[in-house]
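Peer 1: Mind looking over this structure? Questions follow.
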2 protein chains.
Amino acid sequence: MDETIQTREISVGVVGLGLMGSSIVAALLLAGHPVKAIAPLPDELADAPERIQSQIRHGEEADLLTQSVAEYMAQLTVSADYSVLSDCQMVLECVTEKIAIKQIVYRKIADVVSSDAIIASNTSAIPISMLQQYVPNPERFLGIHWAEPAYMTRFMEITCGTETSLERANWAFELAHYWKKEPTLLRKDIRGFVTNRLMYAIYREGLHLVENGDASLEDVDKAFRYDAGSWITMMGIFRRMDYTGLQDYPEIFRRLFPLLSNSEQVPKLMQQLVDQQLRGTQSAKGLYDYTEEEAKEWDKAFAVFNKDIYQLAARYPFRTDQRIG
Amino acid sequence: MDETIQTREISVGVVGLGLMGSSIVAALLLAGHPVKAIAPLPDELADAPERIQSQIRHGEEADLLTQSVAEYMAQLTVSADYSVLSDCQMVLECVTEKIAIKQIVYRKIADVVSSDAIIASNTSAIPISMLQQYVPNPERFLGIHWAEPAYMTRFMEITCGTETSLERANWAFELAHYWKKEPTLLRKDIRGFVTNRLMYAIYREGLHLVENGDASLEDVDKAFRYDAGSWITMMGIFRRMDYTGLQDYPEIFRRLFPLLSNSEQVPKLMQQLVDQQLRGTQSAKGLYDYTEEEAKEWDKAFAVFNKDIYQLAARYPFRTDQRIG
């Protein structure tokens with residue numbers, strides 16, 4: 001890593017202060033950056049400062065702070081006016097997943113920042129190479145995809161579009177380590193990046209087993225929570241293979257691959273729930289049923305779990321620094 | 001659960017005292033059972049008592065004991081003579097994954113236990129319905145698949161063959177809760193049970209991305225450790241979908257399913273490593289390279305991690321008791 005980076009000398013902009021955007025602002029403040037936050041919507045402008053402050057307090061409970069909450073908040077500017085972004089070396093776009101809206105936002109950002117300021121999108125759905133077309137000097141555009149809550153997760157996907165400069169991507173990759181991230185750096189913007197490709201392979205097989213009557217929802221969840229869940233946070237999948245000695249895999253591949261689902265169809269079970277406008281814990285009804293009480297408990301419980309697993313994961317770094325280029 | 005179960009009144013037999021068998025013996029002792037352990041191999045007969053004792057001490061470090069180590073060990077009989085199994089209500093077979101050997105073992109067990117004693121296999125590879133053919137009174141035969149280390153993991157797959165009595169399977173399922181397990185109970189013995197079906201769907205996609213040059217081994221591992229790894233131990237996959245509100249999934253299914261690997265081939269990368277007899281951390285070379293020192297560190301680190309995640313998972317039970325029949 002470049003030891004000369006001083007986050008307090010690098011202003012970072014964030015456009016879009018919904019749940020995710022606010023949480024990214026909190027993460028950047030905790031990392032020491034001055035943050036210029038643009039709230040394009042009036043509601044966001046009114047709510048964001050308090051929300052960000054409560055997220056920093058949450059970070060305080062998890063011992064993530066090295067200054068007072070007030071000192072972090074003093075580094076924050078919230079505005080509806082894009083011109084406050086003018087001194088930013090990097091601006092992160094976190095607005096809704098609509099290309100037409102993002103396009104307008106990129107134009108407004110590019111109008112006020114220097115021509116070599118990095119502009120990045122938090123999109124999880126739209127190809128970086130496509131968004132890049134709407135950005136003047138597209139070599140400084142890339143994907144930086146965060147996980148929720150941004151200030152207390154180590155996951156980050158940095159993704160190059162076809163025109164992205166590797167040098168700029170590498171700078172963002174190095175900077176992300178100062179945000180206490182363990183970023184992946186994708187040279188190609190494959191659909192779904194890495195994580196969704198892997199997760200949707202599981203979802204396809206899991207829903208197939210349930211729709212076939214081979215396993216219940218609970219069976220699948222238990223298998224994950226108590227088998228994969230007992231090692232995945234430490235090892236990922238390939239170090240796990242190394243750890244278990246490798247030799248048995250080819251035979252099991254041969255036996256199981258032909259049995260796996262290759263479906264391209266949306267599973268009926270999921271389509272039906274969505275057609276009924278069920279929203280899982282948010283509506284107390286989804287794949288599982290919840291009492292109102294249980295549905296509320298999930299939010300609270302996950303906030304606590306998240307802190308626990310964040311701290312646990314930090315004790316098993318096995319970091320391999322990567323560079324590209 | 002049946003509150004009348006007293007584990008100290010139920011003798012359980014274990015046949016095969018390799019690493020896994022010993023660890024299962026330790027788990028059953030910690031659960032309060034008298035255990036009759038059969039060591040078919042002379043080496044196992046010599047090594048097993050000490051290995052089991054050191055596993056119980058490991059359990060002691062994790063606060064799993066309610067009696068002294070000596071008191072647990074007093075409940076253990078280790079022998080090469082199958083006749084010590086005669087009073088067992090359940091015998092677990094943990095020998096090598098060779099059908100011809102298991103067949104002989106089942107005959108020896110059946111010769112000494114009562115005709116309604118449950119006989120179960122720890123196999124992860126051979127269909128229960130196939131093994132069941134070699135067991136007199138096959139309705140009392142089922143799969144009970146443990147994870148390593150058996151005394152400090154909550155995962156367990158209980159699997160019925162086509163002739164298994166649901167009533168007997170349910171009894172085993174209930175008993176497993178006294179072993180502090182969170183068992184799945186499969187009514188059909190699908191190949192790979194649940195867990196391997198799901199895991200091999202990930203392995204197929206992950207190796208495909210790496211072989212395609214779309215992502216590095218490190219990228220895939222980071223994606224898992226820091227994304228899935230930050231919630232999977234609490235939620236599994238379906239409760240996660242409920243938690244995230246469901247509505248976005250059909251569209252992403254539609255977009256990503258057609259891009260996922262449907263390969264039936266053994267990935268070349270894996271075949272080459274196995275052909276070279278590389279054994280991952282066991283040979284300090286595999287998908288990753290390790291120094292000798294690093295390879296040794298993995299074992300130690302995983303033992304500590306395992307204790308940590310076992311305790312963490314226990315704080316988020318969300319148990320849904322299941323019954324079949």
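Identifiers for the structure tokens are assigned positionally: chains receive A, B, ... in sequence, residues are indexed from 1 per chain, and ligands are indexed from 1 in the order shown.
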List as a list in words the protein and nucleic acid residues near Leu29 in chain A, meaning an atom at most 8 Å away when only C-alpha atoms are counted, but skip any in the same chain fewer than 4 places from it.
Peer 2: Val25, His33, Pro34, Val35, Tyr72, Met73, Gln75 and Leu76 of chain A
Peer 1: With all heavy atoms retained, export the selected residues as a compact mmCIF listing (two decimals), in the first residue's frame.
Peer 2:
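Output below, filename selection.txt:
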```txt
# COMPACT_ATOMS: atom_id res chain seq x y z
N VAL A 25 -21.34 7.72 3.73
CA VAL A 25 -20.81 8.96 4.31
C VAL A 25 -20.21 8.67 5.69
O VAL A 25 -19.08 9.10 5.99
CB VAL A 25 -21.92 10.04 4.43
CG1 VAL A 25 -21.43 11.22 5.25
CG2 VAL A 25 -22.36 10.49 3.03
N HIS A 33 -11.82 11.14 6.14
CA HIS A 33 -12.00 12.07 5.01
C HIS A 33 -12.91 13.25 5.38
O HIS A 33 -13.90 13.05 6.09
CB HIS A 33 -12.67 11.36 3.82
CG HIS A 33 -11.82 10.33 3.16
ND1 HIS A 33 -10.78 10.65 2.33
CD2 HIS A 33 -11.86 8.97 3.21
CE1 HIS A 33 -10.21 9.53 1.88
NE2 HIS A 33 -10.85 8.49 2.41
N PRO A 34 -12.63 14.43 4.84
CA PRO A 34 -13.67 15.45 4.76
C PRO A 34 -14.68 14.96 3.72
O PRO A 34 -14.28 14.46 2.66
CB PRO A 34 -12.94 16.69 4.24
CG PRO A 34 -11.47 16.38 4.38
CD PRO A 34 -11.34 14.90 4.30
N VAL A 35 -15.98 15.05 4.03
CA VAL A 35 -17.00 14.50 3.12
C VAL A 35 -17.97 15.60 2.70
O VAL A 35 -18.50 16.33 3.54
CB VAL A 35 -17.76 13.33 3.78
CG1 VAL A 35 -18.82 12.78 2.81
CG2 VAL A 35 -16.78 12.22 4.17
N TYR A 72 -15.93 14.15 14.08
CA TYR A 72 -16.26 13.56 12.78
C TYR A 72 -17.30 14.41 12.05
O TYR A 72 -17.16 14.72 10.87
CB TYR A 72 -16.78 12.13 12.94
CG TYR A 72 -15.71 11.13 13.32
CD1 TYR A 72 -15.65 10.58 14.59
CD2 TYR A 72 -14.74 10.75 12.39
CE1 TYR A 72 -14.66 9.67 14.94
CE2 TYR A 72 -13.74 9.84 12.73
CZ TYR A 72 -13.70 9.31 14.01
OH TYR A 72 -12.73 8.42 14.34
N MET A 73 -18.34 14.81 12.78
CA MET A 73 -19.43 15.55 12.14
C MET A 73 -18.95 16.90 11.60
O MET A 73 -19.51 17.42 10.62
CB MET A 73 -20.60 15.75 13.13
CG MET A 73 -21.35 14.46 13.47
SD MET A 73 -22.09 13.59 12.03
CE MET A 73 -23.45 14.70 11.61
N GLN A 75 -16.42 17.41 9.95
CA GLN A 75 -15.81 17.18 8.64
C GLN A 75 -16.86 16.98 7.54
O GLN A 75 -16.53 16.71 6.40
CB GLN A 75 -14.92 15.92 8.68
CG GLN A 75 -13.70 16.06 9.56
CD GLN A 75 -12.74 17.09 9.00
OE1 GLN A 75 -12.33 17.00 7.85
NE2 GLN A 75 -12.40 18.10 9.80
N LEU A 76 -18.14 17.08 7.93
CA LEU A 76 -19.23 16.78 6.99
C LEU A 76 -19.92 18.06 6.50
O LEU A 76 -20.28 18.92 7.30
CB LEU A 76 -20.26 15.88 7.67
CG LEU A 76 -21.57 15.62 6.90
CD1 LEU A 76 -21.30 14.85 5.61
CD2 LEU A 76 -22.57 14.85 7.78
```
Peer 1: Could you list, as a list in words, every residue within 8 Å of Arg168 in chain A, counting only C-alpha atoms and ignoring same-chain residues fewer than 6 positions away?
Peer 2: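 Once the nearby chain positions are removed, what remains is Ile118, Glu139 and Arg140 of chain A.
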Peer 1: When DSSP is applied to the backbone of this structure, which of range 154-207 of chain A are assigned strand (DSSP E)? Write them out as a ChimeraX atom specification.
Peer 2: /A:155-160,182-186
Peer 1: Can I get the selection written as a PDB file, in the first residue's frame, with all heavy atoms?
Peer 2:
```
ATOM      1  N   PHE A 155     -16.522  -5.927   3.134  1.00  0.00           N
ATOM      2  CA  PHE A 155     -16.719  -6.249   1.730  1.00  0.00           C
ATOM      3  C   PHE A 155     -16.754  -5.005   0.845  1.00  0.00           C
ATOM      4  O   PHE A 155     -17.374  -4.012   1.186  1.00  0.00           O
ATOM      5  CB  PHE A 155     -18.041  -6.997   1.592  1.00  0.00           C
ATOM      6  CG  PHE A 155     -18.432  -7.279   0.185  1.00  0.00           C
ATOM      7  CD1 PHE A 155     -17.801  -8.282  -0.512  1.00  0.00           C
ATOM      8  CD2 PHE A 155     -19.418  -6.546  -0.443  1.00  0.00           C
ATOM      9  CE1 PHE A 155     -18.159  -8.551  -1.824  1.00  0.00           C
ATOM     10  CE2 PHE A 155     -19.787  -6.810  -1.745  1.00  0.00           C
ATOM     11  CZ  PHE A 155     -19.158  -7.819  -2.430  1.00  0.00           C
ATOM     12  N   MET A 156     -16.107  -5.064  -0.293  1.00  0.00           N
ATOM     13  CA  MET A 156     -16.201  -3.993  -1.292  1.00  0.00           C
ATOM     14  C   MET A 156     -15.795  -4.549  -2.655  1.00  0.00           C
ATOM     15  O   MET A 156     -14.766  -5.229  -2.767  1.00  0.00           O
ATOM     16  CB  MET A 156     -15.284  -2.845  -0.901  1.00  0.00           C
ATOM     17  CG  MET A 156     -15.149  -1.769  -1.959  1.00  0.00           C
ATOM     18  SD  MET A 156     -14.447  -0.269  -1.259  1.00  0.00           S
ATOM     19  CE  MET A 156     -15.907   0.406  -0.456  1.00  0.00           C
ATOM     20  N   GLU A 157     -16.587  -4.260  -3.692  1.00  0.00           N
ATOM     21  CA  GLU A 157     -16.242  -4.670  -5.055  1.00  0.00           C
ATOM     22  C   GLU A 157     -15.857  -3.435  -5.863  1.00  0.00           C
ATOM     23  O   GLU A 157     -16.696  -2.551  -6.062  1.00  0.00           O
ATOM     24  CB  GLU A 157     -17.429  -5.368  -5.735  1.00  0.00           C
ATOM     25  CG  GLU A 157     -17.751  -6.725  -5.141  1.00  0.00           C
ATOM     26  CD  GLU A 157     -18.934  -7.419  -5.811  1.00  0.00           C
ATOM     27  OE1 GLU A 157     -20.013  -6.809  -5.918  1.00  0.00           O
ATOM     28  OE2 GLU A 157     -18.790  -8.577  -6.209  1.00  0.00           O
ATOM     29  N   ILE A 158     -14.633  -3.393  -6.314  1.00  0.00           N
ATOM     30  CA  ILE A 158     -14.186  -2.320  -7.202  1.00  0.00           C
ATOM     31  C   ILE A 158     -14.122  -2.916  -8.607  1.00  0.00           C
ATOM     32  O   ILE A 158     -13.503  -3.960  -8.813  1.00  0.00           O
ATOM     33  CB  ILE A 158     -12.817  -1.777  -6.760  1.00  0.00           C
ATOM     34  CG1 ILE A 158     -12.946  -1.161  -5.359  1.00  0.00           C
ATOM     35  CG2 ILE A 158     -12.282  -0.751  -7.772  1.00  0.00           C
ATOM     36  CD1 ILE A 158     -11.647  -0.662  -4.771  1.00  0.00           C
ATOM     37  N   THR A 159     -14.810  -2.275  -9.552  1.00  0.00           N
ATOM     38  CA  THR A 159     -14.967  -2.883 -10.876  1.00  0.00           C
ATOM     39  C   THR A 159     -14.600  -1.900 -11.975  1.00  0.00           C
ATOM     40  O   THR A 159     -15.078  -0.773 -11.980  1.00  0.00           O
ATOM     41  CB  THR A 159     -16.441  -3.341 -11.070  1.00  0.00           C
ATOM     42  OG1 THR A 159     -16.798  -4.196  -9.975  1.00  0.00           O
ATOM     43  CG2 THR A 159     -16.613  -4.090 -12.370  1.00  0.00           C
ATOM     44  N   CYS A 160     -13.768  -2.355 -12.896  1.00  0.00           N
ATOM     45  CA  CYS A 160     -13.386  -1.539 -14.043  1.00  0.00           C
ATOM     46  C   CYS A 160     -14.397  -1.703 -15.179  1.00  0.00           C
ATOM     47  O   CYS A 160     -14.858  -2.812 -15.439  1.00  0.00           O
ATOM     48  CB  CYS A 160     -12.022  -1.983 -14.587  1.00  0.00           C
ATOM     49  SG  CYS A 160     -10.659  -1.785 -13.424  1.00  0.00           S
ATOM     50  N   GLU A 182     -11.711  -4.983   2.592  1.00  0.00           N
ATOM     51  CA  GLU A 182     -10.963  -6.070   1.947  1.00  0.00           C
ATOM     52  C   GLU A 182     -11.492  -6.146   0.524  1.00  0.00           C
ATOM     53  O   GLU A 182     -12.246  -7.059   0.166  1.00  0.00           O
ATOM     54  CB  GLU A 182     -11.211  -7.389   2.662  1.00  0.00           C
ATOM     55  CG  GLU A 182     -10.685  -7.453   4.070  1.00  0.00           C
ATOM     56  CD  GLU A 182      -9.181  -7.693   4.119  1.00  0.00           C
ATOM     57  OE1 GLU A 182      -8.567  -7.926   3.048  1.00  0.00           O
ATOM     58  OE2 GLU A 182      -8.624  -7.663   5.228  1.00  0.00           O
ATOM     59  N   PRO A 183     -11.127  -5.183  -0.317  1.00  0.00           N
ATOM     60  CA  PRO A 183     -11.789  -5.075  -1.621  1.00  0.00           C
ATOM     61  C   PRO A 183     -11.382  -6.159  -2.613  1.00  0.00           C
ATOM     62  O   PRO A 183     -10.262  -6.669  -2.581  1.00  0.00           O
ATOM     63  CB  PRO A 183     -11.329  -3.709  -2.126  1.00  0.00           C
ATOM     64  CG  PRO A 183     -10.016  -3.475  -1.457  1.00  0.00           C
ATOM     65  CD  PRO A 183     -10.106  -4.149  -0.120  1.00  0.00           C
ATOM     66  N   THR A 184     -12.298  -6.501  -3.493  1.00  0.00           N
ATOM     67  CA  THR A 184     -11.943  -7.249  -4.701  1.00  0.00           C
ATOM     68  C   THR A 184     -11.773  -6.216  -5.807  1.00  0.00           C
ATOM     69  O   THR A 184     -12.359  -5.138  -5.766  1.00  0.00           O
ATOM     70  CB  THR A 184     -13.057  -8.228  -5.112  1.00  0.00           C
ATOM     71  OG1 THR A 184     -14.300  -7.517  -5.225  1.00  0.00           O
ATOM     72  CG2 THR A 184     -13.237  -9.308  -4.062  1.00  0.00           C
ATOM     73  N   LEU A 185     -10.939  -6.547  -6.784  1.00  0.00           N
ATOM     74  CA  LEU A 185     -10.732  -5.628  -7.898  1.00  0.00           C
ATOM     75  C   LEU A 185     -10.939  -6.385  -9.206  1.00  0.00           C
ATOM     76  O   LEU A 185     -10.126  -7.230  -9.582  1.00  0.00           O
ATOM     77  CB  LEU A 185      -9.310  -5.037  -7.828  1.00  0.00           C
ATOM     78  CG  LEU A 185      -9.153  -3.686  -8.540  1.00  0.00           C
ATOM     79  CD1 LEU A 185      -7.839  -3.040  -8.190  1.00  0.00           C
ATOM     80  CD2 LEU A 185      -9.288  -3.813 -10.035  1.00  0.00           C
ATOM     81  N   LEU A 186     -12.059  -6.111  -9.842  1.00  0.00           N
ATOM     82  CA  LEU A 186     -12.392  -6.826 -11.082  1.00  0.00           C
ATOM     83  C   LEU A 186     -11.950  -6.044 -12.298  1.00  0.00           C
ATOM     84  O   LEU A 186     -12.330  -4.887 -12.472  1.00  0.00           O
ATOM     85  CB  LEU A 186     -13.899  -7.039 -11.175  1.00  0.00           C
ATOM     86  CG  LEU A 186     -14.479  -7.985 -10.164  1.00  0.00           C
ATOM     87  CD1 LEU A 186     -15.896  -8.356 -10.577  1.00  0.00           C
ATOM     88  CD2 LEU A 186     -13.622  -9.226 -10.046  1.00  0.00           C
TER      89      LEU A 186
END
```
Peer 1: List the spatial neighbours of Gly32 in chain A as a ChimeraX atom specification - criterion: any atom at most 10 Å away, only C-alpha atoms, same-chain residues fewer than 6 positions off excluded.
Peer 2: /A:6-11,66-67,72,75,178-179
Peer 1: Write out, as an mmCIF file, in the first residue's frame, the residues just selected, with C-alpha atoms.
Peer 2:
```cif
data_model
loop_
_atom_site.group_PDB
_atom_site.id
_atom_site.type_symbol
_atom_site.label_atom_id
_atom_site.label_comp_id
_atom_site.auth_asym_id
_atom_site.auth_seq_id
_atom_site.Cartn_x
_atom_site.Cartn_y
_atom_site.Cartn_z
ATOM 1 C CA GLN A 6 -3.484 10.924 4.228
ATOM 2 C CA THR A 7 -7.251 10.569 4.175
ATOM 3 C CA ARG A 8 -7.761 13.937 5.875
ATOM 4 C CA GLU A 9 -6.251 15.585 2.792
ATOM 5 C CA ILE A 10 -8.603 13.860 0.383
ATOM 6 C CA SER A 11 -12.117 15.276 0.143
ATOM 7 C CA THR A 66 -10.591 7.601 17.359
ATOM 8 C CA GLN A 67 -12.137 11.080 17.776
ATOM 9 C CA TYR A 72 -16.256 13.559 12.778
ATOM 10 C CA GLN A 75 -15.810 17.178 8.636
ATOM 11 C CA TYR A 178 -7.706 2.916 4.519
ATOM 12 C CA TRP A 179 -11.459 2.454 4.809
#
```
Peer 1: Smallest atom-to-atom distance to chain A: which of B:Asp221, B:Asp275, B:Asp189, B:Glu297, using only C-alpha atoms?
Peer 2: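 Once distances to chain A are computed over only C-alpha atoms, the minimum belongs to B:Asp221.
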Peer 1: For a quick check of understanding, using only C-alpha atoms, which of A:Asn122, A:Ser283, A:Ser68, A:Ser165 has the smallest distance to Phe141 in chain A?
Peer 2: A:Ser165
Peer 1: Identify all residues of range 40-259 of chain B in helix (DSSP H, G or I) (DSSP on the backbone) and supply them as number ranges by chain.
Peer 2: B: 42-61, 69-73, 82-87, 99-112, 128-134, 138-140, 150-152, 166-178, 195-211, 217-226, 228-230, 232-235, 238-243, 249-259
Peer 1: Excluding Ser22 in chain A and any residue of its chain fewer than 5 positions from it, enumerate the residues within 10 Å of it, using only C-alpha atoms, and give them as a list in words.
Peer 2: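 The residues that qualify are Val14, Val15, Gly16, Leu17, Ala27, Leu28, Ala37, Ala39, Glu44, Asp47, Ala48, Pro49, Glu50, Arg51, Ile52, Gln53, Gln55, Cys94, Pro149, Ala150 and Tyr151 of chain A.
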Peer 1: Neighbours of Tyr226 in chain A within 12 Å (only C-alpha atoms; same-chain residues fewer than 5 positions away dropped), as a PyMOL selection string?
Peer 2: (chain A and resi 218-221+231-232) or (chain B and resi 146-148+150+152-157+180-184+195+232-237+306+309-314+316-317)
Peer 1: Could the residues in this selection be saved with N, CA and C atoms as an mmCIF file, in the first residue's frame?
Peer 2:
```cif
data_model
loop_
_atom_site.group_PDB
_atom_site.id
_atom_site.type_symbol
_atom_site.label_atom_id
_atom_site.label_comp_id
_atom_site.auth_asym_id
_atom_site.auth_seq_id
_atom_site.Cartn_x
_atom_site.Cartn_y
_atom_site.Cartn_z
ATOM 1 N N GLU A 218 -36.196 -24.597 5.727
ATOM 2 C CA GLU A 218 -35.422 -24.687 6.969
ATOM 3 C C GLU A 218 -34.186 -25.562 6.784
ATOM 4 N N ASP A 219 -34.345 -26.669 6.032
ATOM 5 C CA ASP A 219 -33.200 -27.561 5.797
ATOM 6 C C ASP A 219 -32.073 -26.803 5.101
ATOM 7 N N VAL A 220 -32.431 -26.049 4.062
ATOM 8 C CA VAL A 220 -31.421 -25.319 3.303
ATOM 9 C C VAL A 220 -30.756 -24.271 4.201
ATOM 10 N N ASP A 221 -31.570 -23.549 4.951
ATOM 11 C CA ASP A 221 -30.999 -22.518 5.821
ATOM 12 C C ASP A 221 -30.092 -23.130 6.893
ATOM 13 N N TRP A 231 -17.278 -22.028 8.662
ATOM 14 C CA TRP A 231 -15.906 -21.806 8.189
ATOM 15 C C TRP A 231 -15.786 -20.675 7.172
ATOM 16 N N ILE A 232 -16.888 -20.270 6.534
ATOM 17 C CA ILE A 232 -16.765 -19.411 5.362
ATOM 18 C C ILE A 232 -16.198 -18.025 5.689
ATOM 19 N N TRP B 146 -22.148 -36.104 10.235
ATOM 20 C CA TRP B 146 -21.618 -35.113 11.168
ATOM 21 C C TRP B 146 -20.627 -34.193 10.466
ATOM 22 N N ALA B 147 -20.367 -33.060 11.120
ATOM 23 C CA ALA B 147 -19.299 -32.169 10.665
ATOM 24 C C ALA B 147 -18.159 -32.235 11.682
ATOM 25 N N GLU B 148 -16.965 -31.928 11.226
ATOM 26 C CA GLU B 148 -15.768 -31.924 12.053
ATOM 27 C C GLU B 148 -15.536 -30.550 12.672
ATOM 28 N N ALA B 150 -16.893 -32.956 15.624
ATOM 29 C CA ALA B 150 -18.272 -33.329 15.922
ATOM 30 C C ALA B 150 -18.790 -32.735 17.228
ATOM 31 N N MET B 152 -18.055 -29.828 18.416
ATOM 32 C CA MET B 152 -18.100 -28.371 18.424
ATOM 33 C C MET B 152 -18.622 -27.788 17.112
ATOM 34 N N THR B 153 -19.584 -28.492 16.517
ATOM 35 C CA THR B 153 -20.277 -27.991 15.332
ATOM 36 C C THR B 153 -21.758 -28.297 15.544
ATOM 37 N N ARG B 154 -22.606 -27.458 14.998
ATOM 38 C CA ARG B 154 -24.055 -27.656 15.187
ATOM 39 C C ARG B 154 -24.687 -28.365 13.992
ATOM 40 N N PHE B 155 -23.927 -28.493 12.925
ATOM 41 C CA PHE B 155 -24.462 -29.061 11.692
ATOM 42 C C PHE B 155 -24.640 -30.575 11.791
ATOM 43 N N MET B 156 -25.742 -31.077 11.275
ATOM 44 C CA MET B 156 -25.953 -32.526 11.172
ATOM 45 C C MET B 156 -27.019 -32.807 10.127
ATOM 46 N N GLU B 157 -26.736 -33.762 9.226
ATOM 47 C CA GLU B 157 -27.723 -34.164 8.229
ATOM 48 C C GLU B 157 -28.239 -35.558 8.572
ATOM 49 N N LYS B 180 -26.868 -31.092 21.071
ATOM 50 C CA LYS B 180 -26.717 -29.661 20.731
ATOM 51 C C LYS B 180 -26.526 -29.446 19.231
ATOM 52 N N LYS B 181 -27.219 -30.270 18.452
ATOM 53 C CA LYS B 181 -27.162 -30.116 16.997
ATOM 54 C C LYS B 181 -28.366 -29.324 16.507
ATOM 55 N N GLU B 182 -28.255 -28.804 15.302
ATOM 56 C CA GLU B 182 -29.371 -28.178 14.575
ATOM 57 C C GLU B 182 -29.566 -29.020 13.325
ATOM 58 N N PRO B 183 -30.123 -30.224 13.480
ATOM 59 C CA PRO B 183 -30.128 -31.164 12.349
ATOM 60 C C PRO B 183 -31.119 -30.803 11.244
ATOM 61 N N THR B 184 -30.757 -31.191 10.030
ATOM 62 C CA THR B 184 -31.734 -31.229 8.949
ATOM 63 C C THR B 184 -32.247 -32.664 8.877
ATOM 64 N N THR B 195 -26.399 -30.110 1.669
ATOM 65 C CA THR B 195 -25.261 -29.198 1.751
ATOM 66 C C THR B 195 -24.360 -29.293 0.538
ATOM 67 N N ILE B 232 -24.314 -15.074 6.755
ATOM 68 C CA ILE B 232 -24.820 -16.424 6.508
ATOM 69 C C ILE B 232 -24.957 -17.250 7.791
ATOM 70 N N THR B 233 -24.062 -17.019 8.751
ATOM 71 C CA THR B 233 -24.112 -17.786 9.992
ATOM 72 C C THR B 233 -25.348 -17.419 10.810
ATOM 73 N N MET B 234 -25.869 -16.226 10.581
ATOM 74 C CA MET B 234 -27.083 -15.851 11.292
ATOM 75 C C MET B 234 -28.348 -16.257 10.542
ATOM 76 N N MET B 235 -28.345 -16.157 9.219
ATOM 77 C CA MET B 235 -29.605 -16.196 8.478
ATOM 78 C C MET B 235 -29.803 -17.373 7.539
ATOM 79 N N GLY B 236 -28.738 -18.038 7.091
ATOM 80 C CA GLY B 236 -28.941 -18.929 5.960
ATOM 81 C C GLY B 236 -29.322 -18.098 4.744
ATOM 82 N N ILE B 237 -29.799 -18.740 3.663
ATOM 83 C CA ILE B 237 -30.051 -17.944 2.455
ATOM 84 C C ILE B 237 -31.495 -17.462 2.326
ATOM 85 N N ASN B 306 -13.109 -21.866 14.986
ATOM 86 C CA ASN B 306 -14.231 -22.767 15.130
ATOM 87 C C ASN B 306 -14.940 -22.583 16.469
ATOM 88 N N ILE B 309 -16.849 -19.169 16.320
ATOM 89 C CA ILE B 309 -18.068 -19.109 15.507
ATOM 90 C C ILE B 309 -19.144 -20.022 16.099
ATOM 91 N N TYR B 310 -18.713 -21.092 16.749
ATOM 92 C CA TYR B 310 -19.662 -21.995 17.434
ATOM 93 C C TYR B 310 -20.414 -21.229 18.515
ATOM 94 N N GLN B 311 -19.657 -20.447 19.268
ATOM 95 C CA GLN B 311 -20.281 -19.680 20.348
ATOM 96 C C GLN B 311 -21.129 -18.541 19.796
ATOM 97 N N LEU B 312 -20.630 -17.907 18.734
ATOM 98 C CA LEU B 312 -21.392 -16.815 18.121
ATOM 99 C C LEU B 312 -22.719 -17.336 17.565
ATOM 100 N N ALA B 313 -22.660 -18.443 16.827
ATOM 101 C CA ALA B 313 -23.875 -19.003 16.211
ATOM 102 C C ALA B 313 -24.910 -19.367 17.272
ATOM 103 N N ALA B 314 -24.432 -19.816 18.424
ATOM 104 C CA ALA B 314 -25.345 -20.241 19.492
ATOM 105 C C ALA B 314 -26.164 -19.085 20.047
ATOM 106 N N TYR B 316 -27.616 -16.901 18.245
ATOM 107 C CA TYR B 316 -28.661 -16.544 17.252
ATOM 108 C C TYR B 316 -29.397 -17.797 16.823
ATOM 109 N N PRO B 317 -30.183 -18.356 17.718
ATOM 110 C CA PRO B 317 -30.723 -19.686 17.394
ATOM 111 C C PRO B 317 -31.838 -19.683 16.347
#
```
Peer 1: Might you pull out every residue within 12 Å of Phe257 in chain A, with only C-alpha atoms counted and same-chain residues fewer than 5 positions away left off, and present them as a PyMOL selection string?
Peer 2: (chain A and resi 205+249-252+262) or (chain B and resi 191-192+196-205+261-267)
Peer 1: Hey, can you check how far CA of Leu259 in chain A sits from CA of His208 in chain A?
Peer 2: 11.0 Å
Peer 1: Quick one: pull the distance between CA of Ile5 in chain A and CA of Asp116 in chain A, Å, one decimal.
Peer 2: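 Value for the CA of Ile5 in chain A-CA of Asp116 in chain A distance: 17.5 Å.
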Peer 1: Report, in Å to a single decimal, how far apart CA of Ala223 in chain B and CA of Arg239 in chain B are.
Peer 2: 19.6 Å
Peer 1: Would you please work out which residue, of A:Arg315, A:Arg255, A:Arg225, A:Lys300, is nearest to chain B when using only C-alpha atoms?
Peer 2: A:Arg225
Peer 1: Can you pull out the residues contacting Lys296 in chain A? Cut-off 12 Å, using only C-alpha atoms, and skip same-chain residues under 3 positions away; I want them as a list of chain:residue names.
Peer 2: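 In the requested format, the answer is A:Gly280, A:Thr281, A:Gln282, A:Ser283, A:Ala284, A:Tyr290, A:Thr291, A:Glu292, A:Glu293, A:Asp299, A:Lys300, A:Ala301, A:Phe302, A:Ala303, B:Tyr243.
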Peer 1: Return the single residue from A:Ser124, A:Thr4, A:Asn170, A:Gln133 that is closest to chain B, with distances computed using only C-alpha atoms.
Peer 2: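 Closest to chain B, using only C-alpha atoms: A:Ser124.
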